[in-house]
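Undergrad: My structure file protein_2.csv, CSV, N, CA and C atoms, is below:
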```
chain,number,residue,atom,x,y,z
A,29,MET,N,-60.4,42.1,3.5
A,29,MET,CA,-59.1,41.9,2.7
A,29,MET,C,-59.4,42.1,1.2
A,30,SER,N,-58.4,42.7,0.6
A,30,SER,CA,-58.5,43.0,-0.8
A,30,SER,C,-58.1,41.8,-1.6
A,31,ARG,N,-58.5,41.8,-2.9
A,31,ARG,CA,-58.2,40.7,-3.8
A,31,ARG,C,-56.7,40.6,-3.9
A,32,HIS,N,-55.9,41.7,-3.9
A,32,HIS,CA,-54.5,41.6,-4.0
A,32,HIS,C,-53.9,40.9,-2.8
A,33,GLU,N,-54.4,41.1,-1.6
A,33,GLU,CA,-53.9,40.4,-0.4
A,33,GLU,C,-54.2,38.9,-0.5
A,34,VAL,N,-55.4,38.6,-0.9
A,34,VAL,CA,-55.7,37.2,-1.1
A,34,VAL,C,-54.8,36.5,-2.0
A,35,SER,N,-54.5,37.1,-3.2
A,35,SER,CA,-53.7,36.5,-4.2
A,35,SER,C,-52.2,36.4,-3.6
A,36,GLN,N,-51.8,37.4,-2.8
A,36,GLN,CA,-50.5,37.3,-2.2
A,36,GLN,C,-50.4,36.1,-1.3
A,37,LEU,N,-51.4,35.9,-0.4
A,37,LEU,CA,-51.4,34.8,0.5
A,37,LEU,C,-51.5,33.5,-0.2
A,38,PHE,N,-52.2,33.4,-1.3
A,38,PHE,CA,-52.4,32.2,-2.1
A,38,PHE,C,-51.0,31.8,-2.7
A,39,PHE,N,-50.3,32.8,-3.3
A,39,PHE,CA,-49.0,32.4,-3.9
A,39,PHE,C,-48.0,32.1,-2.8
A,40,CYS,N,-48.1,32.8,-1.7
A,40,CYS,CA,-47.1,32.5,-0.6
A,40,CYS,C,-47.4,31.0,-0.1
A,41,GLY,N,-48.6,30.7,0.1
A,41,GLY,CA,-48.9,29.3,0.5
A,41,GLY,C,-48.5,28.3,-0.5
A,42,LEU,N,-48.7,28.6,-1.8
A,42,LEU,CA,-48.4,27.7,-2.9
A,42,LEU,C,-46.9,27.5,-2.9
A,43,SER,N,-46.1,28.6,-2.8
A,43,SER,CA,-44.6,28.4,-2.9
A,43,SER,C,-44.1,27.6,-1.7
A,44,HIS,N,-44.8,27.8,-0.5
A,44,HIS,CA,-44.4,27.1,0.7
A,44,HIS,C,-44.7,25.6,0.5
A,45,SER,N,-45.9,25.3,0.0
A,45,SER,CA,-46.2,23.9,-0.2
A,45,SER,C,-45.3,23.2,-1.2
A,46,ILE,N,-44.9,23.9,-2.2
A,46,ILE,CA,-43.9,23.4,-3.2
A,46,ILE,C,-42.6,23.1,-2.5
A,47,CYS,N,-42.2,24.0,-1.6
A,47,CYS,CA,-40.9,23.7,-0.9
A,47,CYS,C,-41.1,22.5,0.0
A,48,PHE,N,-42.2,22.3,0.7
A,48,PHE,CA,-42.4,21.2,1.5
A,48,PHE,C,-42.4,19.9,0.7
A,49,ILE,N,-43.1,20.0,-0.5
A,49,ILE,CA,-43.1,18.8,-1.4
A,49,ILE,C,-41.7,18.4,-1.8
A,50,HIS,N,-40.9,19.4,-2.1
A,50,HIS,CA,-39.5,19.0,-2.5
A,50,HIS,C,-38.7,18.4,-1.3
A,51,LEU,N,-39.0,19.0,-0.1
A,51,LEU,CA,-38.3,18.5,1.1
A,51,LEU,C,-38.7,17.1,1.4
A,52,TYR,N,-40.0,16.8,1.4
A,52,TYR,CA,-40.5,15.5,1.7
A,52,TYR,C,-40.0,14.5,0.6
A,53,ALA,N,-40.0,14.9,-0.7
A,53,ALA,CA,-39.5,14.0,-1.8
A,53,ALA,C,-38.1,13.7,-1.6
A,54,SER,N,-37.2,14.6,-1.2
A,54,SER,CA,-35.8,14.3,-1.0
A,54,SER,C,-35.6,13.4,0.2
A,55,ILE,N,-36.4,13.6,1.3
A,55,ILE,CA,-36.3,12.8,2.5
A,55,ILE,C,-36.7,11.3,2.2
A,56,ILE,N,-37.9,11.2,1.4
A,56,ILE,CA,-38.4,9.9,1.1
A,56,ILE,C,-37.4,9.2,0.2
A,57,ARG,N,-36.7,9.9,-0.8
A,57,ARG,CA,-35.8,9.3,-1.7
A,57,ARG,C,-34.6,8.8,-0.9
A,58,GLU,N,-34.1,9.6,0.1
A,58,GLU,CA,-33.0,9.2,0.9
A,58,GLU,C,-33.3,7.9,1.7
A,59,ALA,N,-34.5,7.9,2.3
A,59,ALA,CA,-34.9,6.8,3.1
A,59,ALA,C,-35.1,5.5,2.2
A,60,TRP,N,-35.6,5.7,1.0
A,60,TRP,CA,-35.8,4.6,0.1
A,60,TRP,C,-34.5,4.0,-0.4
A,61,SER,N,-33.5,4.9,-0.7
A,61,SER,CA,-32.2,4.4,-1.1
A,61,SER,C,-31.5,3.7,0.0
A,62,LEU,N,-31.7,4.1,1.3
A,62,LEU,CA,-31.1,3.4,2.4
A,62,LEU,C,-31.8,2.0,2.6
A,63,LEU,N,-33.1,2.0,2.4
A,63,LEU,CA,-33.8,0.7,2.5
A,63,LEU,C,-33.4,-0.2,1.4
A,64,THR,N,-33.3,0.2,0.2
A,64,THR,CA,-33.0,-0.6,-0.9
A,64,THR,C,-31.5,-1.1,-0.8
A,65,GLU,N,-30.7,-0.2,-0.2
A,65,GLU,CA,-29.3,-0.6,0.0
A,65,GLU,C,-29.2,-1.8,1.0
A,66,GLU,N,-30.0,-1.7,2.1
A,66,GLU,CA,-30.0,-2.7,3.1
A,66,GLU,C,-30.5,-4.0,2.5
A,67,GLU,N,-31.5,-3.9,1.7
A,67,GLU,CA,-32.1,-5.1,1.1
A,67,GLU,C,-31.1,-5.8,0.1
A,68,LYS,N,-30.4,-4.9,-0.6
A,68,LYS,CA,-29.3,-5.5,-1.5
A,68,LYS,C,-28.3,-6.2,-0.7
A,69,ALA,N,-27.9,-5.6,0.4
A,69,ALA,CA,-26.9,-6.2,1.3
A,69,ALA,C,-27.4,-7.5,1.9
A,70,GLY,N,-28.7,-7.5,2.2
A,70,GLY,CA,-29.3,-8.7,2.7
A,70,GLY,C,-29.4,-9.9,1.7
A,71,TRP,N,-29.5,-9.5,0.5
A,71,TRP,CA,-29.6,-10.6,-0.5
A,71,TRP,C,-28.2,-11.2,-0.6
```
For this file, produce the structure as structure tokens.
TA:
Amino acid sequence: MSRHEVSQLFFCGLSHSICFIHLYASIIREAWSLLTEEEKAGW
């Protein structure tokens, strides 16, 4: 494998991991807001 191919794979993996981080962050934020809403209703 050439250096160019390695760098392409690296950037591809990096962009994918950034997408996954954004996805998980939004899911966690949604779940957290639901949990806190339930707690507020419980108070």
Undergrad: In Å, with one decimal, what is the gap from atom C of A:Ile49 to atom C of A:Ser35?
TA: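 Answer for the atom C of A:Ile49 to atom C of A:Ser35 separation: 20.9 Å.
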Undergrad: Would you mind reading off the distance between atom N of A:Leu63 and atom CA of A:Phe48, one decimal, in Å?
TA: 21.4 Å
Undergrad: Could you work out how far atom C of A:Ile55 lies from atom N of A:Leu37, giving the answer in Å with one decimal?
TA: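 These atoms are spaced 28.8 Å apart.
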